[in-house]
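Reproduced below: query25.pdb, with PDB, N, CA and C atoms.
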```pdb
MODEL        1
ATOM      1  N   MET A   1      14.290  31.315  17.017
ATOM      2  CA  MET A   1      12.905  31.240  16.582
ATOM      3  C   MET A   1      12.830  30.738  15.146
ATOM      4  N   LYS A   2      13.724  31.253  14.297
ATOM      5  CA  LYS A   2      13.704  30.870  12.898
ATOM      6  C   LYS A   2      14.044  29.391  12.719
ATOM      7  N   LYS A   3      14.929  28.864  13.558
ATOM      8  CA  LYS A   3      15.300  27.456  13.481
ATOM      9  C   LYS A   3      14.112  26.559  13.817
ATOM     10  N   TRP A   4      13.323  26.965  14.798
ATOM     11  CA  TRP A   4      12.143  26.191  15.177
ATOM     12  C   TRP A   4      11.133  26.138  14.046
ATOM     13  N   VAL A   5      10.915  27.248  13.391
ATOM     14  CA  VAL A   5       9.960  27.302  12.281
ATOM     15  C   VAL A   5      10.435  26.401  11.142
ATOM     16  N   MET A   6      11.729  26.440  10.840
ATOM     17  CA  MET A   6      12.280  25.591   9.780
ATOM     18  C   MET A   6      12.165  24.111  10.153
ATOM     19  N   ALA A   7      12.437  23.782  11.408
ATOM     20  CA  ALA A   7      12.368  22.386  11.848
ATOM     21  C   ALA A   7      10.931  21.869  11.787
ATOM     22  N   ILE A   8      10.000  22.661  12.244
ATOM     23  CA  ILE A   8       8.588  22.260  12.208
ATOM     24  C   ILE A   8       8.112  22.131  10.768
ATOM     25  N   SER A   9       8.517  23.040   9.903
ATOM     26  CA  SER A   9       8.138  22.971   8.489
ATOM     27  C   SER A   9       8.685  21.708   7.844
ATOM     28  N   ALA A  10       9.935  21.369   8.148
ATOM     29  CA  ALA A  10      10.545  20.166   7.585
ATOM     30  C   ALA A  10       9.811  18.910   8.059
ATOM     31  N   LEU A  11       9.455  18.851   9.329
ATOM     32  CA  LEU A  11       8.729  17.706   9.859
ATOM     33  C   LEU A  11       7.350  17.558   9.216
ATOM     34  N   MET A  12       6.678  18.661   8.996
ATOM     35  CA  MET A  12       5.359  18.618   8.374
ATOM     36  C   MET A  12       5.456  18.144   6.924
ATOM     37  N   MET A  13       6.501  18.563   6.216
ATOM     38  CA  MET A  13       6.679  18.126   4.834
ATOM     39  C   MET A  13       6.949  16.618   4.773
ATOM     40  N   VAL A  14       7.788  16.117   5.671
ATOM     41  CA  VAL A  14       8.087  14.685   5.697
ATOM     42  C   VAL A  14       6.823  13.895   6.027
ATOM     43  N   ALA A  15       6.069  14.348   6.997
ATOM     44  CA  ALA A  15       4.830  13.663   7.374
ATOM     45  C   ALA A  15       3.826  13.688   6.232
ATOM     46  N   GLY A  16       3.751  14.784   5.514
ATOM     47  CA  GLY A  16       2.837  14.885   4.379
ATOM     48  C   GLY A  16       3.219  13.957   3.246
ATOM     49  N   LEU A  17       4.504  13.841   2.967
ATOM     50  CA  LEU A  17       4.956  12.951   1.909
ATOM     51  C   LEU A  17       4.780  11.488   2.277
ATOM     52  N   ALA A  18       4.927  11.172   3.535
ATOM     53  CA  ALA A  18       4.756   9.785   3.975
ATOM     54  C   ALA A  18       3.314   9.332   3.827
ATOM     55  N   GLY A  19       2.376  10.239   3.920
ATOM     56  CA  GLY A  19       0.962   9.896   3.806
ATOM     57  C   GLY A  19       0.482   9.725   2.379
ATOM     58  N   CYS A  20       1.300  10.031   1.399
ATOM     59  CA  CYS A  20       0.881   9.952   0.000
ATOM     60  C   CYS A  20       0.760   8.516  -0.486
ATOM     61  N   SER A  21       1.542   7.624   0.038
ATOM     62  CA  SER A  21       1.526   6.242  -0.396
ATOM     63  C   SER A  21       0.784   5.407   0.630
ATOM     64  N   SER A  22      -0.429   5.010   0.317
ATOM     65  CA  SER A  22      -1.227   4.233   1.250
ATOM     66  C   SER A  22      -0.902   2.750   1.112
ATOM     67  N   ASP A  23      -0.901   2.067   2.221
ATOM     68  CA  ASP A  23      -0.729   0.627   2.226
ATOM     69  C   ASP A  23      -2.101  -0.026   2.261
ATOM     70  N   TYR A  24      -2.186  -1.237   1.738
ATOM     71  CA  TYR A  24      -3.442  -1.964   1.681
ATOM     72  C   TYR A  24      -3.261  -3.346   2.279
ATOM     73  N   VAL A  25      -4.375  -3.929   2.695
ATOM     74  CA  VAL A  25      -4.410  -5.296   3.189
ATOM     75  C   VAL A  25      -5.377  -6.062   2.296
ATOM     76  N   MET A  26      -4.896  -7.185   1.755
ATOM     77  CA  MET A  26      -5.761  -8.056   0.960
ATOM     78  C   MET A  26      -6.067  -9.295   1.791
ATOM     79  N   ALA A  27      -7.337  -9.586   1.942
ATOM     80  CA  ALA A  27      -7.761 -10.790   2.660
ATOM     81  C   ALA A  27      -8.056 -11.867   1.621
ATOM     82  N   THR A  28      -7.450 -13.050   1.803
ATOM     83  CA  THR A  28      -7.699 -14.143   0.876
ATOM     84  C   THR A  28      -8.824 -15.021   1.412
ATOM     85  N   LYS A  29      -9.390 -15.820   0.533
ATOM     86  CA  LYS A  29     -10.508 -16.666   0.926
ATOM     87  C   LYS A  29     -10.095 -17.780   1.878
ATOM     88  N   ASP A  30      -8.778 -18.097   1.912
ATOM     89  CA  ASP A  30      -8.323 -19.127   2.846
ATOM     90  C   ASP A  30      -7.877 -18.537   4.182
ATOM     91  N   GLY A  31      -8.116 -17.230   4.400
ATOM     92  CA  GLY A  31      -7.887 -16.610   5.702
ATOM     93  C   GLY A  31      -6.569 -15.877   5.868
ATOM     94  N   ASN A  32      -5.731 -15.850   4.842
ATOM     95  CA  ASN A  32      -4.458 -15.127   4.951
ATOM     96  C   ASN A  32      -4.658 -13.638   4.725
ATOM     97  N   MET A  33      -3.783 -12.853   5.320
ATOM     98  CA  MET A  33      -3.762 -11.407   5.116
ATOM     99  C   MET A  33      -2.460 -11.054   4.408
ATOM    100  N   ILE A  34      -2.566 -10.325   3.303
ATOM    101  CA  ILE A  34      -1.393  -9.919   2.542
ATOM    102  C   ILE A  34      -1.283  -8.403   2.656
ATOM    103  N   LEU A  35      -0.152  -7.923   3.177
ATOM    104  CA  LEU A  35       0.091  -6.486   3.306
ATOM    105  C   LEU A  35       0.809  -6.007   2.052
ATOM    106  N   THR A  36       0.339  -4.894   1.470
ATOM    107  CA  THR A  36       0.936  -4.373   0.242
ATOM    108  C   THR A  36       1.432  -2.948   0.453
ATOM    109  N   GLN A  37       2.388  -2.562  -0.383
ATOM    110  CA  GLN A  37       2.834  -1.169  -0.449
ATOM    111  C   GLN A  37       2.143  -0.555  -1.655
ATOM    112  N   GLY A  38       1.285   0.406  -1.425
ATOM    113  CA  GLY A  38       0.534   1.013  -2.522
ATOM    114  C   GLY A  38      -0.690   0.187  -2.871
ATOM    115  N   LYS A  39      -1.499   0.737  -3.766
ATOM    116  CA  LYS A  39      -2.758   0.102  -4.145
ATOM    117  C   LYS A  39      -2.515  -1.013  -5.157
ATOM    118  N   PRO A  40      -3.067  -2.193  -4.906
ATOM    119  CA  PRO A  40      -2.933  -3.285  -5.867
ATOM    120  C   PRO A  40      -3.661  -2.946  -7.174
ATOM    121  N   LYS A  41      -3.130  -3.453  -8.287
ATOM    122  CA  LYS A  41      -3.721  -3.204  -9.606
ATOM    123  C   LYS A  41      -4.334  -4.490 -10.134
ATOM    124  N   ILE A  42      -5.557  -4.377 -10.663
ATOM    125  CA  ILE A  42      -6.270  -5.537 -11.186
ATOM    126  C   ILE A  42      -6.173  -5.541 -12.702
ATOM    127  N   ASP A  43      -5.707  -6.663 -13.275
ATOM    128  CA  ASP A  43      -5.654  -6.843 -14.718
ATOM    129  C   ASP A  43      -6.954  -7.527 -15.131
ATOM    130  N   LYS A  44      -7.834  -6.795 -15.800
ATOM    131  CA  LYS A  44      -9.152  -7.332 -16.142
ATOM    132  C   LYS A  44      -9.064  -8.447 -17.179
ATOM    133  N   ASP A  45      -8.021  -8.442 -18.011
ATOM    134  CA  ASP A  45      -7.876  -9.484 -19.032
ATOM    135  C   ASP A  45      -7.517 -10.837 -18.421
ATOM    136  N   THR A  46      -6.609 -10.843 -17.460
ATOM    137  CA  THR A  46      -6.140 -12.104 -16.873
ATOM    138  C   THR A  46      -6.794 -12.419 -15.526
ATOM    139  N   GLY A  47      -7.349 -11.408 -14.855
ATOM    140  CA  GLY A  47      -7.941 -11.608 -13.537
ATOM    141  C   GLY A  47      -6.913 -11.632 -12.415
ATOM    142  N   LEU A  48      -5.659 -11.286 -12.740
ATOM    143  CA  LEU A  48      -4.606 -11.276 -11.726
ATOM    144  C   LEU A  48      -4.533  -9.919 -11.032
ATOM    145  N   ILE A  49      -4.193  -9.943  -9.759
ATOM    146  CA  ILE A  49      -3.976  -8.727  -8.990
ATOM    147  C   ILE A  49      -2.481  -8.592  -8.771
ATOM    148  N   SER A  50      -1.903  -7.488  -9.228
ATOM    149  CA  SER A  50      -0.474  -7.215  -9.047
ATOM    150  C   SER A  50      -0.301  -6.273  -7.869
ATOM    151  N   TYR A  51       0.704  -6.557  -7.053
ATOM    152  CA  TYR A  51       0.969  -5.722  -5.883
ATOM    153  C   TYR A  51       2.435  -5.797  -5.518
ATOM    154  N   GLN A  52       2.852  -4.861  -4.670
ATOM    155  CA  GLN A  52       4.212  -4.852  -4.148
ATOM    156  C   GLN A  52       4.128  -5.231  -2.677
ATOM    157  N   ASP A  53       4.860  -6.291  -2.288
ATOM    158  CA  ASP A  53       4.793  -6.734  -0.903
ATOM    159  C   ASP A  53       5.625  -5.834   0.003
ATOM    160  N   GLU A  54       5.647  -6.147   1.297
ATOM    161  CA  GLU A  54       6.335  -5.301   2.286
ATOM    162  C   GLU A  54       7.840  -5.206   2.054
ATOM    163  N   GLN A  55       8.419  -6.219   1.415
ATOM    164  CA  GLN A  55       9.856  -6.204   1.138
ATOM    165  C   GLN A  55      10.178  -5.497  -0.183
ATOM    166  N   GLY A  56       9.158  -5.052  -0.911
ATOM    167  CA  GLY A  56       9.366  -4.349  -2.166
ATOM    168  C   GLY A  56       9.365  -5.238  -3.395
ATOM    169  N   ASN A  57       9.017  -6.522  -3.246
ATOM    170  CA  ASN A  57       8.964  -7.447  -4.376
ATOM    171  C   ASN A  57       7.625  -7.346  -5.102
ATOM    172  N   GLN A  58       7.667  -7.403  -6.431
ATOM    173  CA  GLN A  58       6.439  -7.408  -7.219
ATOM    174  C   GLN A  58       5.850  -8.810  -7.192
ATOM    175  N   ARG A  59       4.565  -8.918  -6.879
ATOM    176  CA  ARG A  59       3.879 -10.209  -6.777
ATOM    177  C   ARG A  59       2.548 -10.138  -7.523
ATOM    178  N   GLN A  60       1.995 -11.322  -7.806
ATOM    179  CA  GLN A  60       0.665 -11.422  -8.406
ATOM    180  C   GLN A  60      -0.103 -12.534  -7.706
ATOM    181  N   ILE A  61      -1.414 -12.359  -7.645
ATOM    182  CA  ILE A  61      -2.288 -13.376  -7.072
ATOM    183  C   ILE A  61      -3.545 -13.416  -7.926
ATOM    184  N   ASN A  62      -4.122 -14.590  -8.045
ATOM    185  CA  ASN A  62      -5.357 -14.739  -8.790
ATOM    186  C   ASN A  62      -6.474 -13.998  -8.043
ATOM    187  N   GLY A  63      -7.214 -13.170  -8.746
ATOM    188  CA  GLY A  63      -8.274 -12.380  -8.128
ATOM    189  C   GLY A  63      -9.369 -13.225  -7.499
ATOM    190  N   ASP A  64      -9.533 -14.463  -7.966
ATOM    191  CA  ASP A  64     -10.544 -15.351  -7.382
ATOM    192  C   ASP A  64     -10.197 -15.764  -5.962
ATOM    193  N   ARG A  65      -8.924 -15.671  -5.603
ATOM    194  CA  ARG A  65      -8.476 -16.063  -4.260
ATOM    195  C   ARG A  65      -8.632 -14.936  -3.234
ATOM    196  N   VAL A  66      -8.912 -13.706  -3.691
ATOM    197  CA  VAL A  66      -8.996 -12.544  -2.806
ATOM    198  C   VAL A  66     -10.448 -12.240  -2.468
ATOM    199  N   SER A  67     -10.735 -12.117  -1.172
ATOM    200  CA  SER A  67     -12.102 -11.809  -0.762
ATOM    201  C   SER A  67     -12.352 -10.320  -0.618
ATOM    202  N   GLN A  68     -11.322  -9.555  -0.179
ATOM    203  CA  GLN A  68     -11.490  -8.106  -0.083
ATOM    204  C   GLN A  68     -10.145  -7.399   0.012
ATOM    205  N   VAL A  69     -10.138  -6.123  -0.376
ATOM    206  CA  VAL A  69      -8.955  -5.273  -0.297
ATOM    207  C   VAL A  69      -9.330  -4.049   0.522
ATOM    208  N   ILE A  70      -8.549  -3.780   1.574
ATOM    209  CA  ILE A  70      -8.861  -2.695   2.497
ATOM    210  C   ILE A  70      -7.655  -1.767   2.609
ATOM    211  N   GLU A  71      -7.916  -0.453   2.565
ATOM    212  CA  GLU A  71      -6.826   0.517   2.779
ATOM    213  C   GLU A  71      -6.478   0.518   4.253
ATOM    214  N   ARG A  72      -5.186   0.481   4.523
ATOM    215  CA  ARG A  72      -4.723   0.418   5.916
ATOM    216  C   ARG A  72      -4.448   1.783   6.452
TER
ENDMDL
END
```

Mind turning the file's structure into structure tokens?
Amino acid sequence: MKKWVMAISALMMVAGLAGCSSDYVMATKDGNMILTQGKPKIDKDTGLISYQDEQGNQRQINGDRVSQVIER
């Protein structure tokens, strides 16, 4: 019985931690969809949007090219 409780508790903790980092989808004006890890950050001085792509690479895109950002 105790093993079951520990196993269920461990699974719930893993599931809870996985939900902390939300992924987003950015739609560009030319029709492309960009999937990101975490919320993209907007630099108000330059107008660039910084994000981490699905492979973990840091990328930037001009904010004028993005039509909307949606949490996935």

Segment 34-50 of chain A: which residues within 7 Å, counting all atoms listed in the file, same-chain residues fewer than 2 positions away excluded, as a list in words?
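After dropping sequence-adjacent residues, the list is Ser21, Ser22, Asp23, Tyr24, Val25, Met26, Ala27, Thr28, Asn32, Gln52, Asp53, Glu54, Gln58, Arg59, Gln60, Ile61, Asn62, Gly63 and Asp64 of chain A.
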
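Rounded to one decimal, atom C of Asn57 of chain A and atom CA of Met33 of chain A lie 15.8 Å from each other.
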
Box in all listed atoms of segment 22-29 of chain A, axis-aligned, with 6 Å more on each side; write out centre and edge lengths in Å to one decimal as AutoDock Vina command-line options.
```
--center_x -5.5 --center_y -6.4 --center_z 1.8 --size_x 22.1 --size_y 34.8 --size_z 14.9
```

If we draw a sphere of 5 Å around (-10.7, -16.1, -1.3), which residues have at least one atom in it when counting only N, CA and C atoms? Please report them as a PDB file with N, CA and C atoms, in the coordinates of the input.
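Produced file point_36.pdb, reproduced below:
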```pdb
ATOM      1  N   THR A  28      -7.450 -13.050   1.803  1.00  0.00           N
ATOM      2  CA  THR A  28      -7.699 -14.143   0.876  1.00  0.00           C
ATOM      3  C   THR A  28      -8.824 -15.021   1.412  1.00  0.00           C
ATOM      4  N   LYS A  29      -9.390 -15.820   0.533  1.00  0.00           N
ATOM      5  CA  LYS A  29     -10.508 -16.666   0.926  1.00  0.00           C
ATOM      6  C   LYS A  29     -10.095 -17.780   1.878  1.00  0.00           C
ATOM      7  N   ASP A  30      -8.778 -18.097   1.912  1.00  0.00           N
ATOM      8  CA  ASP A  30      -8.323 -19.127   2.846  1.00  0.00           C
ATOM      9  C   ASP A  30      -7.877 -18.537   4.182  1.00  0.00           C
ATOM     10  N   ASP A  64      -9.533 -14.463  -7.966  1.00  0.00           N
ATOM     11  CA  ASP A  64     -10.544 -15.351  -7.382  1.00  0.00           C
ATOM     12  C   ASP A  64     -10.197 -15.764  -5.962  1.00  0.00           C
ATOM     13  N   ARG A  65      -8.924 -15.671  -5.603  1.00  0.00           N
ATOM     14  CA  ARG A  65      -8.476 -16.063  -4.260  1.00  0.00           C
ATOM     15  C   ARG A  65      -8.632 -14.936  -3.234  1.00  0.00           C
ATOM     16  N   VAL A  66      -8.912 -13.706  -3.691  1.00  0.00           N
ATOM     17  CA  VAL A  66      -8.996 -12.544  -2.806  1.00  0.00           C
ATOM     18  C   VAL A  66     -10.448 -12.240  -2.468  1.00  0.00           C
ATOM     19  N   SER A  67     -10.735 -12.117  -1.172  1.00  0.00           N
ATOM     20  CA  SER A  67     -12.102 -11.809  -0.762  1.00  0.00           C
ATOM     21  C   SER A  67     -12.352 -10.320  -0.618  1.00  0.00           C
TER      22      SER A  67
END
```

I'd like the interatomic distance between atom N of Arg72 of chain A and atom CA of Tyr51 of chain A, to a tenth of an Å.
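For atom N of Arg72 of chain A relative to atom CA of Tyr51 of chain A, the distance reads 13.6 Å.
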
Residues of segment 11-69 of chain A classed as alpha helix (DSSP H) by DSSP on the backbone are to be reported as a list in words.
Leu11, Met12, Met13, Val14, Ala15, Gly16, Leu17 and Ala18 of chain A

Selected residues written out, N, CA and C atoms, as a compact mmCIF listing (two decimals), keeping the file's coordinate frame:
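This is the output file selection11.txt:
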```txt
# COMPACT_ATOMS: atom_id res chain seq x y z
N LEU A 11 9.46 18.85 9.33
CA LEU A 11 8.73 17.71 9.86
C LEU A 11 7.35 17.56 9.22
N MET A 12 6.68 18.66 9.00
CA MET A 12 5.36 18.62 8.37
C MET A 12 5.46 18.14 6.92
N MET A 13 6.50 18.56 6.22
CA MET A 13 6.68 18.13 4.83
C MET A 13 6.95 16.62 4.77
N VAL A 14 7.79 16.12 5.67
CA VAL A 14 8.09 14.68 5.70
C VAL A 14 6.82 13.90 6.03
N ALA A 15 6.07 14.35 7.00
CA ALA A 15 4.83 13.66 7.37
C ALA A 15 3.83 13.69 6.23
N GLY A 16 3.75 14.78 5.51
CA GLY A 16 2.84 14.88 4.38
C GLY A 16 3.22 13.96 3.25
N LEU A 17 4.50 13.84 2.97
CA LEU A 17 4.96 12.95 1.91
C LEU A 17 4.78 11.49 2.28
N ALA A 18 4.93 11.17 3.54
CA ALA A 18 4.76 9.78 3.98
C ALA A 18 3.31 9.33 3.83
```

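Note that the spacing between atom N of Gln68 of chain A and atom C of Gln55 of chain A amounts to 21.9 Å.
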